[in-house]
file target-v7.cif (mmCIF, C-alpha atoms and all ligand atoms)
data_input
#
loop_
_atom_site.label_atom_id
_atom_site.label_comp_id
_atom_site.auth_asym_id
_atom_site.auth_seq_id
_atom_site.Cartn_x
_atom_site.Cartn_y
_atom_site.Cartn_z
CA MET B 116 98.42 -29.48 -11.71
CA ALA B 117 100.71 -27.99 -14.33
CA GLY B 118 98.37 -29.29 -16.99
CA ASN B 119 95.44 -27.60 -15.33
CA LEU B 120 97.21 -24.33 -15.22
CA LYS B 121 98.12 -24.52 -18.81
CA ALA B 122 94.53 -25.18 -19.72
CA ARG B 123 93.38 -22.22 -17.68
CA SER B 124 95.81 -19.81 -19.27
CA PRO B 125 96.80 -21.16 -22.67
CA GLY B 126 99.95 -19.75 -24.18
CA LEU B 127 101.15 -18.34 -20.89
CA GLU B 128 104.10 -20.20 -19.48
CA ARG B 129 104.48 -19.58 -15.81
CA PRO B 130 107.52 -17.44 -15.04
CA ASP B 131 108.70 -19.75 -12.27
CA SER B 132 108.65 -22.65 -14.65
CA ILE B 133 110.79 -20.67 -17.09
CA ILE B 134 113.23 -19.92 -14.29
CA ARG B 135 113.13 -23.54 -13.23
CA LYS B 136 114.03 -24.79 -16.67
CA THR B 137 116.75 -22.23 -17.12
CA ILE B 138 118.25 -23.04 -13.77
CA HIS B 139 118.02 -26.75 -14.46
CA HIS B 140 120.11 -26.34 -17.60
CA MET B 141 122.81 -24.58 -15.66
CA GLY B 142 123.64 -27.73 -13.74
CA SER B 143 122.72 -29.27 -10.45
CA SER B 144 124.93 -27.23 -8.14
CA CYS B 145 123.46 -24.04 -9.47
CA GLU B 146 120.01 -25.50 -9.17
CA LYS B 147 120.53 -26.27 -5.50
CA LYS B 148 121.79 -22.77 -4.86
CA TYR B 149 118.90 -21.30 -6.69
CA TYR B 150 116.28 -23.12 -4.65
CA MET B 151 118.01 -22.11 -1.49
CA HIS B 152 117.68 -18.54 -2.62
CA TRP B 153 114.14 -19.16 -3.56
CA VAL B 154 113.23 -20.14 -0.02
CA LEU B 155 115.15 -17.17 1.38
CA TRP B 156 113.49 -14.84 -1.04
CA HIS B 157 110.00 -16.04 -0.21
CA TRP B 158 110.60 -16.37 3.50
CA PRO B 159 108.26 -13.47 4.44
CA GLU B 160 105.48 -14.97 2.35
CA ILE B 161 106.04 -18.36 3.92
CA VAL B 162 106.14 -17.36 7.58
CA GLY B 163 104.69 -13.83 7.60
CA GLU B 164 106.37 -10.45 7.89
CA PHE B 165 106.79 -10.49 11.63
CA VAL B 166 108.50 -13.87 11.87
CA ALA B 167 110.55 -13.09 8.78
CA ARG B 168 111.87 -9.88 10.31
CA ASN B 169 113.00 -11.70 13.42
CA THR B 170 114.49 -14.80 11.84
CA SER B 171 116.83 -15.57 9.03
CA PRO B 172 116.93 -18.93 7.33
CA GLN B 173 120.53 -20.10 7.08
CA GLY B 174 120.34 -23.11 4.86
CA ILE B 175 118.95 -26.53 4.22
CA ARG B 176 120.86 -29.68 4.97
CA ASN B 177 119.50 -33.22 5.02
CA LYS B 178 115.90 -32.07 4.90
CA THR B 179 116.38 -29.75 7.83
CA LEU B 180 115.88 -26.03 7.41
CA TYR B 181 118.19 -24.15 9.74
CA ILE B 182 116.99 -20.83 11.08
CA TYR B 183 118.81 -18.19 13.06
CA SER B 184 116.91 -15.97 15.50
CA ASP B 185 118.14 -13.92 18.44
CA ASN B 186 114.60 -13.53 19.72
CA SER B 187 114.26 -16.26 22.34
CA ALA B 188 110.53 -15.75 22.89
CA LEU B 189 109.94 -16.17 19.19
CA ARG B 190 112.19 -19.25 19.11
CA ASN B 191 110.01 -20.85 21.77
CA GLU B 192 106.89 -19.96 19.90
CA LEU B 193 108.24 -21.31 16.63
CA GLN B 194 109.35 -24.48 18.38
CA MET B 195 105.72 -25.10 19.26
CA MET B 196 104.56 -24.17 15.78
CA MET B 197 107.17 -26.36 14.11
CA PRO B 198 104.78 -28.67 12.26
CA GLN B 199 102.99 -25.67 10.74
CA VAL B 200 106.27 -24.07 9.67
CA VAL B 201 107.42 -27.30 8.01
CA GLN B 202 104.04 -27.60 6.35
CA SER B 203 104.14 -24.02 5.07
CA VAL B 204 107.62 -24.40 3.62
CA ASN B 205 106.65 -27.66 1.95
CA ASN B 206 103.38 -26.25 0.67
CA TYR B 207 105.33 -23.40 -0.78
CA ALA B 208 107.86 -25.70 -2.37
CA GLY B 209 105.10 -27.97 -3.61
CA GLN B 210 106.60 -31.08 -2.15
CA LYS B 211 108.23 -32.47 0.95
CA MET B 212 111.31 -30.32 0.80
CA ILE B 213 112.08 -30.34 4.51
CA GLU B 214 111.19 -32.59 7.42
CA LYS B 215 112.10 -30.33 10.26
CA VAL B 216 113.29 -26.93 11.26
CA ALA B 217 116.14 -26.37 13.69
CA PHE B 218 117.68 -23.28 15.20
CA THR B 219 121.30 -22.56 14.58
CA LYS B 220 123.99 -19.91 14.91
CA ARG B 221 124.54 -17.70 11.93
CA TRP B 222 126.31 -19.72 9.27
CA GLU B 223 129.56 -18.33 7.95
CA LYS B 224 128.53 -19.18 4.45
CA SER B 225 125.34 -20.49 3.06
CA ASP B 226 125.24 -24.20 2.54
CA SER B 227 122.49 -26.00 0.75
CA GLU B 228 124.11 -29.41 0.55
CA GLY B 229 121.51 -32.09 0.93
CA ILE B 230 118.86 -30.50 -1.19
CA GLU B 231 118.21 -33.26 -3.62
CA GLU B 232 115.26 -32.77 -5.76
CA ILE B 233 113.01 -29.83 -5.40
CA ARG B 234 110.33 -28.67 -7.68
CA LEU B 235 108.38 -25.52 -7.27
CA ALA B 236 104.69 -25.74 -6.77
CA PRO B 237 102.58 -23.87 -9.25
CA ALA B 238 101.39 -21.03 -7.04
CA GLU B 239 97.72 -20.28 -7.08
CA VAL B 240 97.54 -17.66 -9.76
CA GLU B 241 94.17 -16.44 -10.84
CA GLU B 242 93.53 -16.51 -14.48
CA ASN B 243 94.55 -13.28 -16.14
CA ILE B 244 96.38 -11.91 -13.14
CA GLY B 245 99.69 -12.96 -14.68
CA ARG B 246 98.80 -11.33 -17.94
CA GLU B 247 97.52 -8.18 -16.31
CA ARG B 248 100.59 -7.97 -14.16
CA CYS B 249 102.88 -8.20 -17.17
CA LYS B 250 101.23 -5.10 -18.58
CA MET B 251 101.93 -2.95 -15.55
CA PRO B 252 104.69 -0.53 -16.54
CA LEU B 253 107.64 0.04 -14.23
CA SER B 254 109.48 3.33 -13.87
CA PRO B 255 113.22 3.57 -14.62
CA ALA B 256 113.86 3.95 -10.88
CA GLU B 257 111.94 0.75 -10.18
CA MET B 258 113.81 -1.11 -12.90
CA GLN B 259 117.05 0.15 -11.40
CA ALA B 260 116.01 -1.00 -7.93
CA ALA B 261 115.39 -4.49 -9.31
CA GLU B 262 118.81 -4.47 -11.01
CA ASN B 263 120.50 -3.37 -7.78
CA LEU B 264 118.85 -6.10 -5.79
CA GLY B 265 119.91 -8.71 -8.32
CA SER B 266 123.49 -7.47 -8.36
CA GLU B 267 123.80 -8.29 -4.65
CA ALA B 268 123.64 -12.00 -5.41
CA GLU B 269 126.98 -13.78 -5.71
CA ASP B 270 125.88 -15.78 -8.68
CA GLU B 271 124.96 -13.87 -11.81
CA GLU B 272 122.17 -16.21 -12.85
CA ILE B 273 120.64 -16.15 -9.41
CA GLY B 274 120.92 -12.36 -9.52
CA LYS B 275 118.90 -12.31 -12.70
CA ALA B 276 116.25 -14.52 -11.19
CA VAL B 277 116.10 -12.29 -8.14
CA SER B 278 115.74 -9.12 -10.25
CA ASN B 279 113.04 -10.80 -12.21
CA LEU B 280 111.10 -11.83 -9.14
CA TYR B 281 111.41 -8.33 -7.72
CA ARG B 282 110.10 -6.78 -10.90
CA LYS B 283 107.12 -9.09 -10.73
CA HIS B 284 106.58 -8.08 -7.15
CA LEU B 285 106.55 -4.38 -8.11
CA GLN B 286 104.17 -5.00 -10.95
CA LEU B 287 101.87 -6.93 -8.71
CA GLN B 288 101.88 -4.01 -6.27
CA LYS B 289 100.77 -1.68 -9.05
CA LEU B 290 98.14 -4.11 -10.16
CA LYS B 291 96.78 -4.25 -6.62
CA ILE B 292 96.55 -0.46 -6.53
CA SER B 293 94.69 -0.39 -9.81
CA LYS B 294 92.33 -2.99 -8.38
CA GLN B 295 91.34 -0.64 -5.56
CA TYR B 296 93.70 -2.09 -3.03
CA GLN B 297 94.25 0.53 -0.40
CA LYS B 298 97.20 1.58 1.62
CA CYS B 299 97.10 0.53 5.23
CA PRO B 300 96.38 3.77 7.12
CA GLN B 301 99.23 3.00 9.49
CA CYS B 302 102.12 1.72 7.42
CA GLY B 303 101.14 2.18 3.79
CA ARG B 304 101.41 -1.50 2.89
CA LEU B 305 98.79 -2.56 0.37
CA MET B 306 95.78 -4.42 1.62
CA ALA B 307 92.46 -5.62 0.28
CA PRO B 308 89.73 -2.97 0.21
CA GLU B 309 87.65 -4.62 2.92
CA GLU B 310 90.44 -4.52 5.52
CA SER B 311 90.89 -1.66 7.95
CA LEU B 312 94.50 -2.49 8.85
CA CYS B 313 97.11 -4.69 7.20
CA ASP B 314 98.00 -8.04 8.81
CA GLU B 315 101.22 -6.72 10.24
CA CYS B 316 99.63 -3.62 11.82
CA ARG B 317 96.86 -5.77 13.21
CA ARG B 318 99.47 -7.97 14.83
CA ILE B 319 101.28 -4.96 16.29
CA LYS B 320 98.00 -3.61 17.62
CA ARG B 321 97.27 -6.95 19.25
CA ASP B 322 100.74 -7.08 20.81
CA LYS B 323 100.20 -3.64 22.31
CA MET B 324 96.82 -4.68 23.62
CA THR B 325 98.12 -7.83 25.29
CA ALA B 326 100.92 -5.75 26.86
CA SER B 327 98.26 -3.41 28.31
CA VAL B 328 96.35 -6.41 29.65
CA ARG B 329 99.48 -7.65 31.40
CA GLN B 330 100.06 -4.19 32.81
CA VAL B 331 96.56 -4.14 34.35
CA LEU B 332 97.13 -7.64 35.79
CA ARG B 333 100.44 -6.55 37.28
CA ASP B 334 98.66 -3.64 39.01
CA MET B 335 95.59 -5.64 40.02
CA PRO B 336 96.48 -9.35 39.88
CA TRP B 337 92.97 -10.32 40.99
CA ALA B 338 91.25 -8.46 38.14
CA ARG B 339 88.83 -10.52 36.09
CA TYR B 340 87.81 -9.79 32.53
CA PRO B 341 85.13 -7.12 33.28
CA GLU B 342 87.62 -5.15 35.36
CA VAL B 343 90.44 -5.46 32.81
CA LYS B 344 88.02 -4.37 30.11
CA GLN B 345 87.50 -1.06 31.86
CA TYR B 346 91.15 -0.25 31.21
CA VAL B 347 91.61 -2.10 27.92
CA PRO B 348 88.21 -1.87 26.18
CA GLU B 349 89.22 -3.91 23.13
CA CYS B 350 90.42 -6.96 25.07
CA THR B 351 88.47 -10.23 25.07
CA PRO B 352 87.94 -12.83 27.83
CA LYS B 353 90.19 -15.23 25.91
CA ILE B 354 93.05 -12.73 25.77
CA VAL B 355 92.76 -11.94 29.48
CA ASN B 356 92.83 -15.66 30.32
CA GLU B 357 95.79 -16.32 28.06
CA GLN B 358 97.80 -13.45 29.49
CA ARG B 359 96.89 -14.45 33.02
CA SER B 360 98.09 -17.99 32.51
CA ILE B 361 101.35 -16.80 30.92
CA MET B 362 101.96 -14.55 33.92
CA VAL B 363 101.06 -17.32 36.37
CA GLN B 364 103.61 -19.62 34.71
CA GLN B 365 106.33 -16.98 34.79
CA LEU B 366 105.69 -15.91 38.36
CA ALA B 367 105.38 -19.51 39.59
CA ALA B 368 108.70 -20.46 37.99
CA ASP B 369 110.23 -17.57 39.86
CA THR B 370 108.66 -18.38 43.25
CA ASP B 371 110.08 -20.96 45.63
CA VAL B 372 107.72 -23.83 46.30
CA ASN B 373 108.24 -23.48 50.08
CA ASP B 374 107.46 -19.79 50.04
CA LYS B 375 103.97 -19.06 51.31
CA THR B 376 104.45 -15.67 52.85
CA SER B 377 106.30 -13.36 50.49
CA MET B 378 104.54 -10.71 48.45
CA LYS B 379 105.52 -12.67 45.36
CA ALA B 380 103.78 -15.83 46.58
CA LYS B 381 100.68 -13.84 47.52
CA THR B 382 100.64 -12.06 44.18
CA LEU B 383 100.80 -15.45 42.50
CA VAL B 384 97.75 -16.62 44.44
CA MET B 385 95.82 -13.41 43.69
CA LEU B 386 96.62 -13.76 40.01
CA TYR B 387 95.88 -17.47 39.81
CA ARG B 388 92.63 -17.43 41.81
CA CYS B 389 91.45 -13.89 41.00
CA LEU B 390 91.42 -13.12 44.71
CA PRO B 391 91.71 -9.54 45.97
CA PRO B 392 94.18 -9.09 48.85
CA GLU B 393 91.50 -8.81 51.54
CA GLN B 394 90.22 -12.29 50.65
CA LEU B 395 93.57 -14.01 51.02
CA ASN B 396 93.83 -16.38 53.97
CA GLU B 397 96.11 -19.19 54.98
CA ASP B 398 93.81 -21.85 53.59
CA ASN B 399 93.32 -20.46 50.10
CA ILE B 400 97.00 -19.55 49.81
CA THR B 401 97.99 -23.11 50.78
CA ARG B 402 95.55 -24.68 48.33
CA ALA B 403 96.47 -22.44 45.43
CA LEU B 404 100.19 -22.92 45.89
CA TYR B 405 99.72 -26.67 46.23
CA ALA B 406 97.90 -26.70 42.91
CA LEU B 407 100.80 -24.81 41.35
CA ARG B 408 103.55 -26.90 42.94
CA PHE B 409 104.75 -28.42 39.66
CA ASP B 410 105.12 -25.01 38.06
CA MET B 411 107.06 -23.49 40.92
CA HIS B 412 110.73 -23.29 41.52
CA ARG B 413 111.78 -26.31 43.52
CA PRO B 414 115.00 -26.69 45.48
CA LYS B 415 117.08 -29.78 44.64
CA ASP B 416 116.16 -31.72 47.79
CA TYR B 417 112.45 -30.90 47.54
CA LYS B 418 110.01 -33.76 47.85
CA THR B 419 106.38 -33.19 46.97
CA PRO B 420 104.32 -33.57 50.14
CA LYS B 421 101.16 -35.65 50.12
CA ARG B 422 97.98 -33.71 49.57
CA TYR B 423 96.54 -34.38 53.03
CA ASP B 424 99.74 -33.37 54.76
CA VAL B 425 99.22 -29.96 53.24
CA ILE B 426 95.47 -29.57 52.98
CA LYS B 427 93.70 -30.86 56.04
CA LEU B 428 90.85 -33.31 55.67
CA GLY B 429 87.38 -32.06 56.29
CA ARG B 430 88.03 -28.53 55.09
CA ARG B 431 86.90 -27.08 51.87
ZN ZN F 1 99.95 -1.63 8.14
#
call {"tool": "encode", "arguments": {"input": "target-v7.cif", "output": "C-alpha cells", "more": "lines below"}}
Ligand SMILES: [Zn+2]
result
Amino acid sequence: MAGNLKARSPGLERPDSIIRKTIHHMGSSCEKKYYMHWVLWHWPEIVGEFVARNTSPQGIRNKTLYIYSDNSALRNELQMMMPQVVQSVNNYAGQKMIEKVAFTKRWEKSDSEGIEEIRLAPAEVEENIGRERCKMPLSPAEMQAAENLGSEAEDEEIGKAVSNLYRKHLQLQKLKISKQYQKCPQCGRLMAPEESLCDECRRIKRDKMTASVRQVLRDMPWARYPEVKQYVPECTPKIVNEQRSIMVQQLAADTDVNDKTSMKAKTLVMLYRCLPPEQLNEDNITRALYALRFDMHRPKDYKTPKRYDVIKLGRR
C-alpha cells in the first residue's frame, strides 16, 4: 500500500508518515500518547459530526475504546452499531486497533495503556491533492489559530503534530473552495457542488421530519402513510413505519399487560393496528394487546395466558 502511494506520487512523503517516524523516534510512551490523540483528533471523521459532538472518546485500554456520552438514546443506538464503529476506527487506523467499544464515565486523566502497536493507514489521497494543498497559503490569523490549538496539548511534540494537522485541514478547506466546493446554505460548512445540504444539515432536517411524523401519530395514532403525508409532505412510508414501531414499543413498555380499558391501552391499539377510535371493539383490542404482550409492562406475578383462553376459538 505504501509502495503504491509512493509510486503514484513520487518524491512526496506522506505527512502522516513523517509524523509517524518522528513520533516513533521519541520513544514508545510518546508514541502511544500520540496515537491516542490521533484517534481523538479524527473522531469526527471516524464517526461523523453528530456522533462526535455527543460523545467523547476517553481512551484505549486492552483493545477497548472507551467512550463517554451523556446522551442515552445515542448510547443505545451506538450499542447497536458497535460492529460498524469498531470497523470504522480500525479502518481509520489501518489495522485492528480495537476489538470493542465500551461506554464509561469521564476519565480523570487520559490513559492509553494497552495500545501496543498501531500503524496509521495511508489515507486515500488523490494524486496531486497533497501537492495542491501544500500550495494553499494560510493567513497569519489562521497560522495563529493552528499554533493556539497545538499549545493546548500537554506534550509539546503532540502539540506540534496537532498544529500541523490543523494547518493541513485549513489548507484543504481552501482547496475545496477553489475547486468549486460550496458553502452549505444552512451552516456554511463546505460541501461538494452537487449537494444541496451538507451531511450534518441533512441529518438535522431528517430529525425534524421524524419528530413531525411522531407528532402527527400522537394526534392521530391510526394515521397511515397517506394521511401523515398530508401533514409532513417529505416523509416516506418507511419513515412512518419506523416511527410508528418506535412509538408502539415505547407505549407498550409503559402500558400494563392487564390493562385493556385505559385510554393508553386503546391508543396503543389504534397506533399498532392503524384503527380509528370508532372501529375499536373488544375483540380487536384483545387481539392486538395479546400480540403485544411481550412488549408490555408485566407485573412480577404475571403469567402469559394461553392464546385460546384470551382469543376465543371460531372467531376471526
Ligand atoms: Zn450544513
call {"tool": "atom_distance", "arguments": {"input": "target-v7.cif", "atom1": "atom CA of B:Thr179", "atom2": "atom CA of B:Lys215"}}
result
5.0 Å
call {"tool": "closest_residue", "arguments": {"input": "target-v7.cif", "among": "B:Cys302, B:Arg318, B:Thr376, B:Asp416", "to": "ligand ZN 1 (chain F)", "atoms": "all atoms listed in the file"}}
result
B:Cys302
call {"tool": "residues_near_ligand", "arguments": {"input": "target-v7.cif", "ligand": "ligand ZN 1 (chain F)", "cutoff": "6 Å", "atoms": "all atoms listed in the file", "output": "MDAnalysis selection string"}}
result
chainID B and resid 299 301:304 312:313 315:316
call {"tool": "atom_distance", "arguments": {"input": "target-v7.cif", "atom1": "atom CA of B:Ser171", "atom2": "atom CA of B:Tyr183"}}
result
5.2 Å
call {"tool": "closest_residue", "arguments": {"input": "target-v7.cif", "among": "B:Ile319, B:Met335, B:Leu193, B:Leu264", "to": "B:Val166", "atoms": "all atoms listed in the file"}}
result
B:Leu193
call {"tool": "atom_distance", "arguments": {"input": "target-v7.cif", "atom1": "atom CA of B:Ile361", "atom2": "atom CA of B:Thr401"}}
result
21.1 Å
call {"tool": "closest_residue", "arguments": {"input": "target-v7.cif", "among": "B:Met251, B:Ala367, B:Leu386, B:Val425", "to": "B:Lys291", "atoms": "all atoms listed in the file"}}
result
B:Met251
call {"tool": "residues_around", "arguments": {"input": "target-v7.cif", "residues": "B:Thr325", "least_positions_apart": "5", "cutoff": "8 Å", "atoms": "all atoms listed in the file", "output": "list in words"}}
result
Cys350, Ile354, Val355 and Gln358 of chain B
call {"tool": "closest_residue", "arguments": {"input": "target-v7.cif", "among": "B:Gln173, B:Gln295, B:Asn396, B:Gln259", "to": "B:Ser278", "atoms": "all atoms listed in the file"}}
result
B:Gln259
call {"tool": "residues_around", "arguments": {"input": "target-v7.cif", "residues": "B:Met258", "least_positions_apart": "6", "cutoff": "12 Å", "atoms": "only C-alpha atoms", "output": "ChimeraX atom specification"}}
result
/B:252,264-265,278-286
call {"tool": "residues_near_point", "arguments": {"input": "target-v7.cif", "point": "(106.7, -20.4, 40.9)", "cutoff": "10 Å", "atoms": "all atoms listed in the file", "output": "PDB file with C-alpha atoms, in the coordinates of the input"}}
result
ATOM      1  CA  VAL B 363     101.060 -17.320  36.370  1.00  0.00           C
ATOM      2  CA  GLN B 364     103.610 -19.620  34.710  1.00  0.00           C
ATOM      3  CA  GLN B 365     106.330 -16.980  34.790  1.00  0.00           C
ATOM      4  CA  LEU B 366     105.690 -15.910  38.360  1.00  0.00           C
ATOM      5  CA  ALA B 367     105.380 -19.510  39.590  1.00  0.00           C
ATOM      6  CA  ALA B 368     108.700 -20.460  37.990  1.00  0.00           C
ATOM      7  CA  ASP B 369     110.230 -17.570  39.860  1.00  0.00           C
ATOM      8  CA  THR B 370     108.660 -18.380  43.250  1.00  0.00           C
ATOM      9  CA  ASP B 371     110.080 -20.960  45.630  1.00  0.00           C
ATOM     10  CA  VAL B 372     107.720 -23.830  46.300  1.00  0.00           C
ATOM     11  CA  ASN B 373     108.240 -23.480  50.080  1.00  0.00           C
ATOM     12  CA  ASP B 374     107.460 -19.790  50.040  1.00  0.00           C
ATOM     13  CA  LYS B 379     105.520 -12.670  45.360  1.00  0.00           C
ATOM     14  CA  ALA B 380     103.780 -15.830  46.580  1.00  0.00           C
ATOM     15  CA  LEU B 383     100.800 -15.450  42.500  1.00  0.00           C
ATOM     16  CA  LEU B 404     100.190 -22.920  45.890  1.00  0.00           C
ATOM     17  CA  LEU B 407     100.800 -24.810  41.350  1.00  0.00           C
ATOM     18  CA  ARG B 408     103.550 -26.900  42.940  1.00  0.00           C
ATOM     19  CA  PHE B 409     104.750 -28.420  39.660  1.00  0.00           C
ATOM     20  CA  ASP B 410     105.120 -25.010  38.060  1.00  0.00           C
ATOM     21  CA  MET B 411     107.060 -23.490  40.920  1.00  0.00           C
ATOM     22  CA  HIS B 412     110.730 -23.290  41.520  1.00  0.00           C
ATOM     23  CA  ARG B 413     111.780 -26.310  43.520  1.00  0.00           C
TER      24      ARG B 413
END
call {"tool": "decode", "arguments": {"input": "target-v7.cif", "residues": "stretch 307-329 of chain B", "atoms": "C-alpha atoms", "output": "short mmCIF file (atom, residue, chain, number, x, y, z; two decimals), in the first residue's frame"}}
result
data_model
loop_
_atom_site.label_atom_id
_atom_site.label_comp_id
_atom_site.auth_asym_id
_atom_site.auth_seq_id
_atom_site.Cartn_x
_atom_site.Cartn_y
_atom_site.Cartn_z
CA ALA B 307 -19.41 19.07 -2.88
CA PRO B 308 -21.02 21.14 -5.64
CA GLU B 309 -23.72 18.57 -6.39
CA GLU B 310 -25.11 18.57 -2.83
CA SER B 311 -27.92 20.84 -1.73
CA LEU B 312 -27.25 20.50 2.00
CA CYS B 313 -24.26 19.23 3.96
CA ASP B 314 -24.46 15.81 5.67
CA GLU B 315 -25.00 17.33 9.07
CA CYS B 316 -27.82 19.66 7.96
CA ARG B 317 -29.44 16.80 6.11
CA ARG B 318 -29.38 14.78 9.31
CA ILE B 319 -30.88 17.66 11.29
CA LYS B 320 -33.59 18.07 8.67
CA ARG B 321 -34.38 14.37 8.89
CA ASP B 322 -34.55 14.51 12.69
CA LYS B 323 -37.02 17.38 12.48
CA MET B 324 -39.08 15.47 9.95
CA THR B 325 -39.26 12.32 12.05
CA ALA B 326 -40.27 14.45 15.05
CA SER B 327 -43.14 15.89 12.96
CA VAL B 328 -44.17 12.38 11.95
CA ARG B 329 -44.32 11.35 15.62
#
